[in-house]
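Undergrad: Once you've had a glance at the structure underneath, I'll fire off some questions.
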Amino acid sequence: MAGIIIVGVDGNSTSMKAARVAAELAKATGRTLRVVTAFGEDKTEKVAIGNDEWFLSTADEAERVAQRVAEELKISGVKTEYSSALGKPADVLLEEATKLNAELIVVGNVRMQGLARVLGSVANAVSHNAPCDVYIVKTDG
């Protein structure tokens, strides 16, 4: 069965919980898992050591996070893809889901309790604006 499941990751343990659940869902349903990382601003910094120079950017780092998670989840037998994009996490997930005609977005429930719930969360924004189904994983404990 064709289709895409999207999960957002940022490298922390709670997003990895959501990513593992998303991988299980993708594998069980024969769908492709798209691992997405958002970054807030594209900064580039030059690092020089001796005669060598390197350029480090937030865009490259975000891409590496998405790639690392996708490769880790691929070991379980699920087909994975990855990407990164400039923007707020909820906006990036929603845009990716729309662009790819995704069937499901998987997010964690971080910041859905207490004062943070009033101020907003990725899960809240995604669940209210998604062009597809949303699965909210309990990642807070």
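Note on naming: chains are A, B, ... as they come in the structure tokens, residues start from 1 per chain, ligands start from 1 in the order shown.
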Run DSSP on the backbone of this structure and report the residues of chain A it assigns to alpha helix (DSSP H), as a PyMOL selection string.
TA: chain A and resi 13-29+58-74+89-100+114-119+122-129
Undergrad: Residues near Leu93 (chain A), anyone? I mean within 10 Å using only C-alpha atoms, not counting same-chain ones fewer than 3 positions away, as a list of chain:residue names.
TA: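 Selected residues are A:Ile6, A:Val7, A:Gly8, A:Val35, A:Val36, A:Thr37, A:Ala38, A:Ser84, A:Ala85, A:Gly87, A:Lys88, A:Pro89, A:Ala90, A:Glu96, A:Ala97, A:Thr98, A:Lys99, A:Ile105, A:Val106, A:Val107, A:Val122, A:Val126, A:Ala130.
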Undergrad: Keeping only N, CA, C and O atoms, write the selected residues to a file as a CSV table (one decimal), in the first residue's frame.
TA:
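Saved result, result28.csv, follows:
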```csv
chain,number,residue,atom,x,y,z
A,6,ILE,N,4.4,11.3,8.0
A,6,ILE,CA,5.4,12.3,8.3
A,6,ILE,C,5.6,12.3,9.8
A,6,ILE,O,4.6,12.3,10.6
A,7,VAL,N,6.9,12.4,10.3
A,7,VAL,CA,7.2,12.7,11.7
A,7,VAL,C,8.2,13.8,11.8
A,7,VAL,O,9.2,13.8,11.0
A,8,GLY,N,8.0,14.6,12.7
A,8,GLY,CA,9.0,15.7,13.0
A,8,GLY,C,10.0,15.3,14.1
A,8,GLY,O,9.5,14.8,15.1
A,35,VAL,N,11.0,11.6,7.6
A,35,VAL,CA,11.5,12.2,8.8
A,35,VAL,C,11.8,13.7,8.5
A,35,VAL,O,12.6,13.9,7.5
A,36,VAL,N,11.3,14.6,9.2
A,36,VAL,CA,11.4,16.0,8.9
A,36,VAL,C,12.0,16.8,10.1
A,36,VAL,O,11.5,16.6,11.2
A,37,THR,N,12.9,17.7,9.9
A,37,THR,CA,13.5,18.5,10.9
A,37,THR,C,13.3,20.0,10.5
A,37,THR,O,13.6,20.3,9.3
A,38,ALA,N,12.8,20.8,11.4
A,38,ALA,CA,12.7,22.3,11.1
A,38,ALA,C,13.8,23.0,11.8
A,38,ALA,O,14.3,22.6,12.8
A,84,SER,N,14.7,18.6,5.6
A,84,SER,CA,14.7,19.7,6.6
A,84,SER,C,14.2,20.9,5.9
A,84,SER,O,14.3,21.0,4.7
A,85,ALA,N,13.7,21.8,6.7
A,85,ALA,CA,13.2,23.1,6.1
A,85,ALA,C,13.2,24.2,7.1
A,85,ALA,O,13.1,24.0,8.3
A,87,GLY,N,11.7,27.2,9.1
A,87,GLY,CA,10.4,27.6,9.5
A,87,GLY,C,10.1,27.0,10.9
A,87,GLY,O,10.9,26.3,11.5
A,88,LYS,N,8.9,27.4,11.4
A,88,LYS,CA,8.5,26.8,12.7
A,88,LYS,C,8.1,25.4,12.5
A,88,LYS,O,7.5,25.0,11.5
A,89,PRO,N,8.4,24.5,13.5
A,89,PRO,CA,8.1,23.1,13.3
A,89,PRO,C,6.7,22.7,12.9
A,89,PRO,O,6.5,21.9,11.9
A,90,ALA,N,5.7,23.3,13.4
A,90,ALA,CA,4.3,23.0,13.0
A,90,ALA,C,4.1,23.4,11.6
A,90,ALA,O,3.5,22.6,10.8
A,96,GLU,N,4.9,20.2,4.5
A,96,GLU,CA,5.4,18.9,4.0
A,96,GLU,C,4.2,18.0,3.8
A,96,GLU,O,4.2,17.3,2.7
A,97,ALA,N,3.3,17.9,4.7
A,97,ALA,CA,2.1,17.0,4.5
A,97,ALA,C,1.3,17.4,3.3
A,97,ALA,O,0.8,16.5,2.6
A,98,THR,N,1.1,18.7,3.1
A,98,THR,CA,0.3,19.2,2.0
A,98,THR,C,1.0,18.9,0.7
A,98,THR,O,0.5,18.4,-0.3
A,99,LYS,N,2.3,19.2,0.7
A,99,LYS,CA,3.1,19.0,-0.6
A,99,LYS,C,3.2,17.6,-1.0
A,99,LYS,O,3.1,17.3,-2.2
A,105,ILE,N,0.3,12.5,10.0
A,105,ILE,CA,1.4,13.2,10.7
A,105,ILE,C,1.5,12.7,12.1
A,105,ILE,O,0.5,12.6,12.8
A,106,VAL,N,2.7,12.3,12.5
A,106,VAL,CA,2.9,11.8,13.9
A,106,VAL,C,3.7,12.9,14.7
A,106,VAL,O,4.7,13.3,14.2
A,107,VAL,N,3.1,13.3,15.8
A,107,VAL,CA,3.8,14.2,16.7
A,107,VAL,C,3.7,13.8,18.1
A,107,VAL,O,2.9,13.0,18.5
A,122,VAL,N,3.4,22.3,19.1
A,122,VAL,CA,3.4,21.8,17.8
A,122,VAL,C,2.2,20.8,17.6
A,122,VAL,O,1.5,21.0,16.6
A,126,VAL,N,-0.6,21.4,14.8
A,126,VAL,CA,-0.8,20.4,13.7
A,126,VAL,C,-2.2,19.8,13.7
A,126,VAL,O,-2.8,19.7,12.7
A,130,ALA,N,-4.0,20.3,10.2
A,130,ALA,CA,-3.5,19.3,9.3
A,130,ALA,C,-4.4,18.9,8.1
A,130,ALA,O,-5.6,18.9,8.3
```
Undergrad: To one decimal place, how far is CA of Arg20 (chain A) from CA of Leu73 (chain A) in Å?
TA: 7.1 Å
Undergrad: Can you work out which one of A:Val69, A:Ile75, A:Ile136, A:Glu103 has the shortest atom-to-atom distance to Asn12 (chain A), counting only C-alpha atoms?
TA: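 Result for the nearest residue to Asn12 (chain A): A:Val69.
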Undergrad: Nearest to Leu86 (chain A) among A:Asn124, A:Thr32, A:Ser15, A:Thr58, with distances taken over only C-alpha atoms: which residue is it?
TA: A:Thr58
Undergrad: Set the distance at 10 Å and use only C-alpha atoms: which residues neighbour Ser13 (chain A) once local chain neighbours fewer than 6 positions away are removed? I'd like the list as a list of chain:residue names.
TA: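 Near neighbours after the sequence-gap exclusion: A:Ala19, A:Thr139, A:Asp140.
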Undergrad: For the selection you just gave me, I'd like the residues written to a file as an mmCIF file, in the first residue's frame, keeping N, CA, C and O atoms.
TA:
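Below you can see selection-v4.cif, which holds the result:
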```cif
data_model
loop_
_atom_site.group_PDB
_atom_site.id
_atom_site.type_symbol
_atom_site.label_atom_id
_atom_site.label_comp_id
_atom_site.auth_asym_id
_atom_site.auth_seq_id
_atom_site.Cartn_x
_atom_site.Cartn_y
_atom_site.Cartn_z
ATOM 1 N N ALA A 19 9.073 9.284 16.753
ATOM 2 C CA ALA A 19 9.624 8.729 15.513
ATOM 3 C C ALA A 19 9.556 7.202 15.510
ATOM 4 O O ALA A 19 9.242 6.591 14.483
ATOM 5 N N THR A 139 4.577 11.252 24.806
ATOM 6 C CA THR A 139 6.042 11.240 24.926
ATOM 7 C C THR A 139 6.532 11.871 26.219
ATOM 8 O O THR A 139 7.726 11.971 26.435
ATOM 9 N N ASP A 140 5.624 12.287 27.058
ATOM 10 C CA ASP A 140 5.996 13.049 28.256
ATOM 11 C C ASP A 140 6.108 12.202 29.520
ATOM 12 O O ASP A 140 5.794 12.654 30.596
#
```
Undergrad: To one decimal in Å, tell me the separation between CA of Lys17 (chain A) and CA of Glu63 (chain A).
TA: 19.1 Å
